[in-house]
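Source file: start-v5.pdb. Holds: PDB, C-alpha atoms and all ligand atoms.
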ATOM      1  CA  MET Z   1       0.000   0.000   0.000
ATOM      2  CA  GLU Z   2       1.291   3.470  -0.825
ATOM      3  CA  GLY Z   3       3.116   5.136   2.068
ATOM      4  CA  GLU Z   4       3.637   1.849   3.913
ATOM      5  CA  MET Z   5       6.545  -0.537   3.971
ATOM      6  CA  VAL Z   6       7.215  -3.958   5.470
ATOM      7  CA  MET Z   7       9.750  -3.955   8.315
ATOM      8  CA  SER Z   8      10.305  -6.869  10.682
ATOM      9  CA  GLY Z   9       6.941  -8.247   9.672
ATOM     10  CA  ALA Z  10       5.066  -5.118  10.827
ATOM     11  CA  MET Z  11       3.641  -2.444   8.593
ATOM     12  CA  ARG Z  12       5.668   0.712   9.062
ATOM     13  CA  LEU Z  13       4.743   4.155   7.771
ATOM     14  CA  LYS Z  14       7.183   5.833   5.408
ATOM     15  CA  VAL Z  15       7.504   8.644   7.939
ATOM     16  CA  VAL Z  16      10.430  10.125   9.906
ATOM     17  CA  THR Z  17       9.566  11.559  13.341
ATOM     18  CA  ILE Z  18      11.805  14.020  15.187
ATOM     19  CA  ASP Z  19      10.792  14.862  18.757
ATOM     20  CA  GLY Z  20      12.500  16.683  21.609
ATOM     21  CA  PRO Z  21      12.298  19.726  23.891
ATOM     22  CA  SER Z  22      12.019  23.317  22.683
ATOM     23  CA  GLY Z  23      15.078  25.052  21.258
ATOM     24  CA  VAL Z  24      17.040  21.877  20.553
ATOM     25  CA  GLY Z  25      17.265  22.593  16.811
ATOM     26  CA  LYS Z  26      14.561  20.188  15.623
ATOM     27  CA  SER Z  27      13.181  22.563  12.981
ATOM     28  CA  THR Z  28      16.493  23.193  11.235
ATOM     29  CA  VAL Z  29      17.365  19.505  11.258
ATOM     30  CA  SER Z  30      13.866  18.435  10.134
ATOM     31  CA  ARG Z  31      13.978  20.845   7.205
ATOM     32  CA  LYS Z  32      17.378  19.482   6.160
ATOM     33  CA  VAL Z  33      16.287  15.837   6.414
ATOM     34  CA  ALA Z  34      13.051  16.545   4.509
ATOM     35  CA  ALA Z  35      14.970  18.411   1.757
ATOM     36  CA  ALA Z  36      17.544  15.599   1.418
ATOM     37  CA  LEU Z  37      14.806  12.959   1.106
ATOM     38  CA  GLY Z  38      12.566  15.162  -1.067
ATOM     39  CA  TRP Z  39       9.757  14.612   1.471
ATOM     40  CA  THR Z  40       7.298  17.051   3.074
ATOM     41  CA  TYR Z  41       8.231  18.719   6.359
ATOM     42  CA  LEU Z  42       5.390  18.764   8.897
ATOM     43  CA  ASP Z  43       5.943  21.331  11.661
ATOM     44  CA  THR Z  44       3.373  20.216  14.273
ATOM     45  CA  GLY Z  45       4.500  22.919  16.738
ATOM     46  CA  ALA Z  46       3.405  25.581  14.241
ATOM     47  CA  MET Z  47      -0.123  24.168  14.465
ATOM     48  CA  TYR Z  48      -0.175  24.449  18.285
ATOM     49  CA  ARG Z  49       1.243  27.968  17.954
ATOM     50  CA  ALA Z  50      -1.562  28.873  15.519
ATOM     51  CA  VAL Z  51      -4.244  27.633  17.938
ATOM     52  CA  GLY Z  52      -2.609  29.514  20.832
ATOM     53  CA  PHE Z  53      -2.462  32.650  18.687
ATOM     54  CA  GLN Z  54      -6.114  32.353  17.727
ATOM     55  CA  CYS Z  55      -7.214  31.873  21.362
ATOM     56  CA  ARG Z  56      -5.324  35.004  22.338
ATOM     57  CA  GLN Z  57      -6.614  36.991  19.343
ATOM     58  CA  ALA Z  58     -10.230  35.970  20.030
ATOM     59  CA  GLY Z  59      -9.829  36.529  23.784
ATOM     60  CA  ILE Z  60     -10.814  32.937  24.586
ATOM     61  CA  GLU Z  61     -10.121  31.736  28.117
ATOM     62  CA  LEU Z  62      -8.571  28.269  28.019
ATOM     63  CA  ALA Z  63     -11.112  27.074  30.599
ATOM     64  CA  ASP Z  64     -14.012  28.077  28.302
ATOM     65  CA  SER Z  65     -14.464  24.713  26.618
ATOM     66  CA  ALA Z  66     -17.591  25.749  24.671
ATOM     67  CA  ALA Z  67     -15.794  28.674  22.973
ATOM     68  CA  LEU Z  68     -12.740  26.496  22.390
ATOM     69  CA  ASN Z  69     -14.848  23.803  20.703
ATOM     70  CA  VAL Z  70     -16.338  26.367  18.320
ATOM     71  CA  LEU Z  71     -12.847  27.619  17.478
ATOM     72  CA  LEU Z  72     -11.593  24.066  16.856
ATOM     73  CA  ALA Z  73     -14.613  23.126  14.726
ATOM     74  CA  ARG Z  74     -13.903  26.111  12.455
ATOM     75  CA  LEU Z  75     -10.125  25.809  12.526
ATOM     76  CA  ASP Z  76      -8.494  26.596   9.190
ATOM     77  CA  ILE Z  77      -4.693  26.315   9.386
ATOM     78  CA  ARG Z  78      -2.541  26.046   6.288
ATOM     79  CA  LEU Z  79       1.190  25.316   6.344
ATOM     80  CA  LEU Z  80       3.120  26.410   3.256
ATOM     81  CA  PRO Z  81       6.795  25.979   2.377
ATOM     82  CA  PRO Z  82       8.947  29.032   3.230
ATOM     83  CA  LEU Z  83       9.705  31.633   0.578
ATOM     84  CA  HIS Z  84      13.421  31.529   1.427
ATOM     85  CA  GLU Z  85      15.446  28.396   2.128
ATOM     86  CA  GLY Z  86      16.181  27.990   5.835
ATOM     87  CA  ASP Z  87      13.158  30.001   7.000
ATOM     88  CA  ASP Z  88      10.340  28.527   9.108
ATOM     89  CA  VAL Z  89       7.232  27.236   7.315
ATOM     90  CA  ARG Z  90       4.631  29.888   6.519
ATOM     91  CA  VAL Z  91       1.472  29.625   8.564
ATOM     92  CA  PHE Z  92      -1.929  30.943   7.515
ATOM     93  CA  LEU Z  93      -4.926  31.098   9.809
ATOM     94  CA  HIS Z  94      -8.170  31.736   7.902
ATOM     95  CA  ASP Z  95      -6.041  33.351   5.145
ATOM     96  CA  GLU Z  96      -4.207  35.660   7.586
ATOM     97  CA  ASP Z  97      -0.419  35.281   7.432
ATOM     98  CA  ILE Z  98       0.582  34.708  11.081
ATOM     99  CA  SER Z  99       4.060  33.310  10.313
ATOM    100  CA  ALA Z 100       5.995  36.030  12.151
ATOM    101  CA  ALA Z 101       3.487  36.544  14.982
ATOM    102  CA  ILE Z 102       3.665  32.918  16.180
ATOM    103  CA  ARG Z 103       7.447  32.720  16.501
ATOM    104  CA  SER Z 104       7.999  34.817  19.655
ATOM    105  CA  PRO Z 105       8.875  33.117  22.985
ATOM    106  CA  GLU Z 106       5.465  34.302  24.312
ATOM    107  CA  ALA Z 107       3.670  32.580  21.423
ATOM    108  CA  GLY Z 108       5.646  29.426  22.269
ATOM    109  CA  MET Z 109       4.469  29.593  25.857
ATOM    110  CA  MET Z 110       0.851  30.097  24.748
ATOM    111  CA  ALA Z 111       1.202  27.096  22.410
ATOM    112  CA  SER Z 112       2.528  25.004  25.279
ATOM    113  CA  GLN Z 113      -0.506  25.956  27.396
ATOM    114  CA  VAL Z 114      -3.137  25.145  24.738
ATOM    115  CA  SER Z 115      -1.282  21.936  23.880
ATOM    116  CA  ALA Z 116      -2.215  20.460  27.270
ATOM    117  CA  LEU Z 117      -5.941  20.632  26.417
ATOM    118  CA  PRO Z 118      -7.411  17.274  25.296
ATOM    119  CA  THR Z 119      -9.712  18.740  22.607
ATOM    120  CA  VAL Z 120      -6.852  20.735  21.063
ATOM    121  CA  ARG Z 121      -4.627  17.647  21.003
ATOM    122  CA  SER Z 122      -7.241  15.334  19.498
ATOM    123  CA  THR Z 123      -8.125  17.876  16.777
ATOM    124  CA  LEU Z 124      -4.515  18.577  15.778
ATOM    125  CA  THR Z 125      -3.424  14.927  16.042
ATOM    126  CA  ALA Z 126      -6.217  13.916  13.632
ATOM    127  CA  LEU Z 127      -5.195  16.669  11.184
ATOM    128  CA  GLN Z 128      -1.533  15.618  11.373
ATOM    129  CA  GLN Z 129      -2.391  11.957  10.780
ATOM    130  CA  LYS Z 130      -4.423  12.978   7.733
ATOM    131  CA  MET Z 131      -1.477  15.000   6.400
ATOM    132  CA  GLY Z 132       0.866  12.007   6.895
ATOM    133  CA  ARG Z 133      -1.403   9.303   5.552
ATOM    134  CA  ALA Z 134       0.307   9.101   2.172
ATOM    135  CA  GLY Z 135       3.774   8.864   3.819
ATOM    136  CA  GLU Z 136       6.977  10.645   2.735
ATOM    137  CA  ILE Z 137       6.688  13.046   5.665
ATOM    138  CA  VAL Z 138       9.257  14.323   8.167
ATOM    139  CA  ALA Z 139       7.161  15.194  11.229
ATOM    140  CA  GLU Z 140       8.603  17.305  14.009
ATOM    141  CA  GLY Z 141       7.186  17.971  17.493
ATOM    142  CA  ARG Z 142       6.810  16.464  20.953
ATOM    143  CA  ASP Z 143       4.628  13.393  20.368
ATOM    144  CA  THR Z 144       5.064  12.578  16.686
ATOM    145  CA  GLY Z 145       6.858   9.282  17.420
ATOM    146  CA  THR Z 146       4.752   8.285  20.430
ATOM    147  CA  VAL Z 147       1.182   9.332  19.527
ATOM    148  CA  VAL Z 148       0.766  10.840  16.053
ATOM    149  CA  PHE Z 149       2.770   8.294  14.043
ATOM    150  CA  PRO Z 150       3.524   5.351  16.363
ATOM    151  CA  ALA Z 151       4.059   3.194  13.252
ATOM    152  CA  ALA Z 152       6.673   5.540  11.727
ATOM    153  CA  ALA Z 153       9.625   3.607  10.294
ATOM    154  CA  TRP Z 154      12.258   6.048  11.608
ATOM    155  CA  LYS Z 155      12.020   7.842  14.946
ATOM    156  CA  PHE Z 156      14.524  10.234  16.485
ATOM    157  CA  TYR Z 157      14.688  12.058  19.793
ATOM    158  CA  LEU Z 158      16.926  15.111  19.879
ATOM    159  CA  ASP Z 159      18.077  16.385  23.268
ATOM    160  CA  ALA Z 160      20.387  18.997  24.859
ATOM    161  CA  PRO Z 161      20.548  20.679  28.300
ATOM    162  CA  PRO Z 162      18.341  23.798  28.788
ATOM    163  CA  GLU Z 163      21.371  26.141  29.079
ATOM    164  CA  GLU Z 164      22.662  25.024  25.683
ATOM    165  CA  ARG Z 165      19.193  25.414  24.121
ATOM    166  CA  CYS Z 166      18.890  28.902  25.632
ATOM    167  CA  ARG Z 167      22.249  29.906  24.147
ATOM    168  CA  ARG Z 168      21.114  28.759  20.695
ATOM    169  CA  ARG Z 169      17.744  30.500  20.969
ATOM    170  CA  VAL Z 170      19.435  33.800  21.904
ATOM    171  CA  GLY Z 171      21.619  33.441  18.789
ATOM    172  CA  GLN Z 172      18.588  32.726  16.573
ATOM    173  CA  LEU Z 173      16.531  35.638  17.916
ATOM    174  CA  ARG Z 174      19.473  38.056  17.533
ATOM    175  CA  ALA Z 175      20.099  36.816  13.997
ATOM    176  CA  LYS Z 176      16.470  37.749  13.216
ATOM    177  CA  GLY Z 177      17.107  41.226  14.648
ATOM    178  CA  GLN Z 178      15.014  40.621  17.801
ATOM    179  CA  ALA Z 179      16.356  42.002  21.076
ATOM    180  CA  VAL Z 180      16.895  39.592  23.975
ATOM    181  CA  PRO Z 181      17.010  41.900  26.995
ATOM    182  CA  ASP Z 182      16.915  39.174  29.627
ATOM    183  CA  GLU Z 183      18.626  35.845  28.942
ATOM    184  CA  ALA Z 184      17.822  34.541  32.433
ATOM    185  CA  GLU Z 185      14.124  35.102  31.717
ATOM    186  CA  LEU Z 186      14.452  33.185  28.440
ATOM    187  CA  LEU Z 187      16.122  30.263  30.260
ATOM    188  CA  ALA Z 188      13.321  30.296  32.855
ATOM    189  CA  GLN Z 189      10.741  30.162  30.018
ATOM    190  CA  ILE Z 190      12.531  27.215  28.395
ATOM    191  CA  ILE Z 191      12.579  25.321  31.702
ATOM    192  CA  GLU Z 192       8.905  26.106  32.310
ATOM    193  CA  ARG Z 193       7.925  24.953  28.809
ATOM    194  CA  ASP Z 194       9.916  21.740  29.334
ATOM    195  CA  ARG Z 195       7.964  21.144  32.527
ATOM    196  CA  ASN Z 196       4.577  21.892  30.873
ATOM    197  CA  ASP Z 197       5.385  19.658  27.912
ATOM    198  CA  ARG Z 198       6.804  16.759  29.981
ATOM    199  CA  GLU Z 199       4.298  16.744  32.817
ATOM    200  CA  ARG Z 200       0.995  17.121  30.987
ATOM    201  CA  THR Z 201      -1.295  14.108  31.211
ATOM    202  CA  ILE Z 202      -1.971  13.632  27.498
ATOM    203  CA  ALA Z 203       0.816  12.919  25.037
ATOM    204  CA  PRO Z 204       3.615  14.300  27.217
ATOM    205  CA  LEU Z 205       7.044  14.904  25.726
ATOM    206  CA  ARG Z 206       8.970  11.645  26.020
ATOM    207  CA  MET Z 207      11.188   9.495  23.878
ATOM    208  CA  ALA Z 208       9.469   6.641  22.024
ATOM    209  CA  GLU Z 209      10.923   3.271  23.026
ATOM    210  CA  ASP Z 210      11.975   2.602  19.454
ATOM    211  CA  ALA Z 211      13.475   6.078  18.830
ATOM    212  CA  VAL Z 212      17.171   6.788  18.262
ATOM    213  CA  LEU Z 213      18.484   9.303  20.830
ATOM    214  CA  ILE Z 214      20.814  12.014  19.511
ATOM    215  CA  ASP Z 215      22.548  14.471  21.845
ATOM    216  CA  ALA Z 216      22.608  17.751  19.912
ATOM    217  CA  SER Z 217      24.979  19.549  22.341
ATOM    218  CA  GLU Z 218      28.199  18.939  20.466
ATOM    219  CA  LEU Z 219      26.847  18.592  16.938
ATOM    220  CA  THR Z 220      25.995  21.051  14.175
ATOM    221  CA  ALA Z 221      22.589  20.808  12.469
ATOM    222  CA  ASP Z 222      24.304  19.310   9.398
ATOM    223  CA  GLU Z 223      25.956  16.622  11.541
ATOM    224  CA  VAL Z 224      22.662  15.727  13.223
ATOM    225  CA  ALA Z 225      20.890  15.555   9.832
ATOM    226  CA  GLU Z 226      23.691  13.349   8.438
ATOM    227  CA  ARG Z 227      23.318  10.910  11.336
ATOM    228  CA  MET Z 228      19.588  10.698  10.781
ATOM    229  CA  LEU Z 229      19.951  10.228   7.027
ATOM    230  CA  ALA Z 230      22.490   7.451   7.642
ATOM    231  CA  VAL Z 231      19.881   5.611   9.754
ATOM    232  CA  VAL Z 232      17.135   6.163   7.173
ATOM    233  CA  SER Z 233      19.347   4.853   4.351
ATOM    234  CA  LEU Z 234      20.084   1.621   6.281
ATOM    235  CA  LEU Z 235      16.560   0.325   5.763
TER
HETATM  236  O1  LIG C 301       8.061  23.065  18.576
HETATM  237  P1  LIG C 301       7.453  24.382  19.016
HETATM  238  O2  LIG C 301       8.345  25.138  19.948
HETATM  239  O3  LIG C 301       7.011  25.219  17.854
HETATM  240  O4  LIG C 301       6.127  23.962  19.843
HETATM  241  C1  LIG C 301       5.367  24.900  20.556
HETATM  242  C2  LIG C 301       4.595  24.203  21.670
HETATM  243  O5  LIG C 301       3.597  23.353  21.092
HETATM  244  C3  LIG C 301       5.418  23.297  22.574
HETATM  245  O6  LIG C 301       5.908  23.967  23.720
HETATM  246  C4  LIG C 301       4.466  22.191  22.958
HETATM  247  C5  LIG C 301       3.461  22.150  21.844
HETATM  248  N1  LIG C 301       3.624  21.003  20.969
HETATM  249  C6  LIG C 301       3.041  19.822  21.371
HETATM  250  O7  LIG C 301       2.489  19.754  22.466
HETATM  251  N2  LIG C 301       3.079  18.733  20.570
HETATM  252  C7  LIG C 301       3.706  18.779  19.384
HETATM  253  N3  LIG C 301       3.729  17.689  18.612
HETATM  254  C8  LIG C 301       4.345  19.981  18.972
HETATM  255  C9  LIG C 301       4.295  21.073  19.792
END

How does the structure come out when it is put into structure tokens?
Ligand code: DC
Amino acid sequence: MEGEMVMSGAMRLKVVTIDGPSGVGKSTVSRKVAAALGWTYLDTGAMYRAVGFQCRQAGIELADSAALNVLLARLDIRLLPPLHEGDDVRVFLHDEDISAAIRSPEAGMMASQVSALPTVRSTLTALQQKMGRAGEIVAEGRDTGTVVFPAAAWKFYLDAPPEERCRRRVGQLRAKGQAVPDEAELLAQIIERDRNDRERTIAPLRMAEDAVLIDASELTADEVAERMLAVVSLL
């Protein structure tokens, strides 16, 4: 069947999953792996960011499940390839380009909060599974190997200590011309997001049992991508 392959007797999806905590470099690596394979890059975090953005824009309290259900029933998120190589995917919400607005540390925190809500998770997980049904996808997030695509043929978990991830994030924000007045505050946000993402009840951030662990601390994005591609080419 298209998009599926036989591995050790079990049907495996022709999907690569890359999970790990925030700021570990998953997006850069995922884009590189997807480009090398000629597959589609699925940025699941961008979808949680879009929902968080829409809740804030519409003034919806996260405890207001009725309003949230209406928002989710009408959700219209489109992910498009970036205009320039190396940029994040472009994100449209009901035809509004929210690509830049969802990339701030505050938008990340909002995404982390909405991502703990069961209705948000079930809606986005179903959308992601639909997008990956035909295979040839590199999916990046927190639960892509454990929950969204448990049958993915290749799973990776990228990790690095929070201090190292903070250092990288400061570099990225400065490269985009954004000021980082308080690095200690950024580190505190990273640690808080880690806690939110790891301790939530549904689909918490954790490594799938059959994932390959890669420590990103001492490696460049190219080196990480090469390691992943070496694993993918073995099968
Ligand atoms: O990868 P990111 O920083 O863009 O993700 C933003 C938030 O979205 C993250 O803190 C947790 C949530 N998220 C999630 O819960 N599950 C995913 N598969 C991807 C992201």

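Note that the spacing between atom C1 of ligand LIG 301 (chain C) and CA of Ile98 in chain Z amounts to 14.5 Å.
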
For the structure provided, state which residues fall under the PyMOL selection byres (((chain Z and resi 88) around 10) and not hetatm), and present them as a ChimeraX atom specification. /Z:27-28,31,43,46,80-87,89-91,99-100,103

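Rounded to one decimal, CA of Ser122 in chain Z and CA of Val148 in chain Z lie 9.8 Å from each other.
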
8 Å shell around ligand LIG 301 (chain C) using only C-alpha atoms and all ligand atoms, listed as a PDB file with C-alpha atoms, in the frame of the given file:
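Generated file (part29.pdb):
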ATOM      1  CA  ASP Z  19      10.792  14.862  18.757  1.00  0.00           C
ATOM      2  CA  PRO Z  21      12.298  19.726  23.891  1.00  0.00           C
ATOM      3  CA  SER Z  22      12.019  23.317  22.683  1.00  0.00           C
ATOM      4  CA  GLY Z  23      15.078  25.052  21.258  1.00  0.00           C
ATOM      5  CA  LYS Z  26      14.561  20.188  15.623  1.00  0.00           C
ATOM      6  CA  SER Z  27      13.181  22.563  12.981  1.00  0.00           C
ATOM      7  CA  ASP Z  43       5.943  21.331  11.661  1.00  0.00           C
ATOM      8  CA  THR Z  44       3.373  20.216  14.273  1.00  0.00           C
ATOM      9  CA  GLY Z  45       4.500  22.919  16.738  1.00  0.00           C
ATOM     10  CA  ALA Z  46       3.405  25.581  14.241  1.00  0.00           C
ATOM     11  CA  MET Z  47      -0.123  24.168  14.465  1.00  0.00           C
ATOM     12  CA  TYR Z  48      -0.175  24.449  18.285  1.00  0.00           C
ATOM     13  CA  ARG Z  49       1.243  27.968  17.954  1.00  0.00           C
ATOM     14  CA  ARG Z 103       7.447  32.720  16.501  1.00  0.00           C
ATOM     15  CA  ALA Z 107       3.670  32.580  21.423  1.00  0.00           C
ATOM     16  CA  GLY Z 108       5.646  29.426  22.269  1.00  0.00           C
ATOM     17  CA  MET Z 109       4.469  29.593  25.857  1.00  0.00           C
ATOM     18  CA  MET Z 110       0.851  30.097  24.748  1.00  0.00           C
ATOM     19  CA  ALA Z 111       1.202  27.096  22.410  1.00  0.00           C
ATOM     20  CA  SER Z 112       2.528  25.004  25.279  1.00  0.00           C
ATOM     21  CA  GLN Z 113      -0.506  25.956  27.396  1.00  0.00           C
ATOM     22  CA  VAL Z 114      -3.137  25.145  24.738  1.00  0.00           C
ATOM     23  CA  SER Z 115      -1.282  21.936  23.880  1.00  0.00           C
ATOM     24  CA  ALA Z 116      -2.215  20.460  27.270  1.00  0.00           C
ATOM     25  CA  ARG Z 121      -4.627  17.647  21.003  1.00  0.00           C
ATOM     26  CA  GLU Z 140       8.603  17.305  14.009  1.00  0.00           C
ATOM     27  CA  GLY Z 141       7.186  17.971  17.493  1.00  0.00           C
ATOM     28  CA  ARG Z 142       6.810  16.464  20.953  1.00  0.00           C
ATOM     29  CA  ASP Z 143       4.628  13.393  20.368  1.00  0.00           C
ATOM     30  CA  THR Z 144       5.064  12.578  16.686  1.00  0.00           C
ATOM     31  CA  VAL Z 148       0.766  10.840  16.053  1.00  0.00           C
ATOM     32  CA  ARG Z 193       7.925  24.953  28.809  1.00  0.00           C
ATOM     33  CA  ASP Z 194       9.916  21.740  29.334  1.00  0.00           C
ATOM     34  CA  ASN Z 196       4.577  21.892  30.873  1.00  0.00           C
ATOM     35  CA  ASP Z 197       5.385  19.658  27.912  1.00  0.00           C
ATOM     36  CA  ALA Z 203       0.816  12.919  25.037  1.00  0.00           C
ATOM     37  CA  PRO Z 204       3.615  14.300  27.217  1.00  0.00           C
ATOM     38  CA  LEU Z 205       7.044  14.904  25.726  1.00  0.00           C
TER      39      LEU Z 205
END

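Between CA of Pro105 in chain Z and CA of Arg169 in chain Z there is a distance of 9.5 Å.
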
For range 217-230 of chain Z, take all atoms listed in the file, fit an axis-aligned box around them, add 6 Å to each of the six sides, then output centre and edge lengths in Å rounded to one decimal, as lines of an AutoDock Vina configuration file.
center_x = 23.9
center_y = 14.3
center_z = 14.7
size_x = 20.6
size_y = 25.6
size_z = 27.3

Shortest interatomic distance to Leu219 in chain Z - which of Z:Leu72, Z:Leu42, Z:Val51, Z:Leu158, counting all atoms listed in the file: Z:Leu158

Between Z:Glu106, Z:Asp222, Z:Glu185, Z:Asp95, which has the minimum distance to Leu79 in chain Z (counting all atoms listed in the file)? Z:Asp95

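By chain and then residue number, the residues within 10 Å of Ile137 in chain Z are Gly3, Leu13, Lys14, Val15, Val16, Thr17, Ala34, Leu37, Gly38, Trp39, Thr40, Tyr41, Leu42, Met131, Gly132, Arg133 and Ala152 of chain Z, counting all atoms listed in the file and disregarding those fewer than 4 positions away in sequence.
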
Residue with the minimum atom-to-atom distance to Val224 in chain Z, picked from Z:Ala184, Z:Arg12, Z:Tyr157, Z:Glu61 with only C-alpha atoms counted, is Z:Tyr157

Counting only C-alpha atoms, which residues come within 8 Å of (17.4, 26.1, 25.1), with the point read in the file's coordinates, and could you list them as a ChimeraX atom specification? /Z:22-24,160-169,187,190

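Considering only C-alpha atoms, the residue among Z:Leu127, Z:Glu192, Z:Gly52, Z:Leu229 positioned nearest to Leu68 in chain Z is Z:Gly52.
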
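Among the candidates Z:Arg195, Z:Arg227, Z:Pro150, Z:Val170, the residue lying nearest to Asp210 in chain Z is Z:Pro150 (atoms considered: all atoms listed in the file).
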
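Nearest-residue note for Ala35 in chain Z: choosing from Z:Val232, Z:Val138, Z:Ala153, Z:Met207, the minimum distance belongs to Z:Val138, counting all atoms listed in the file.
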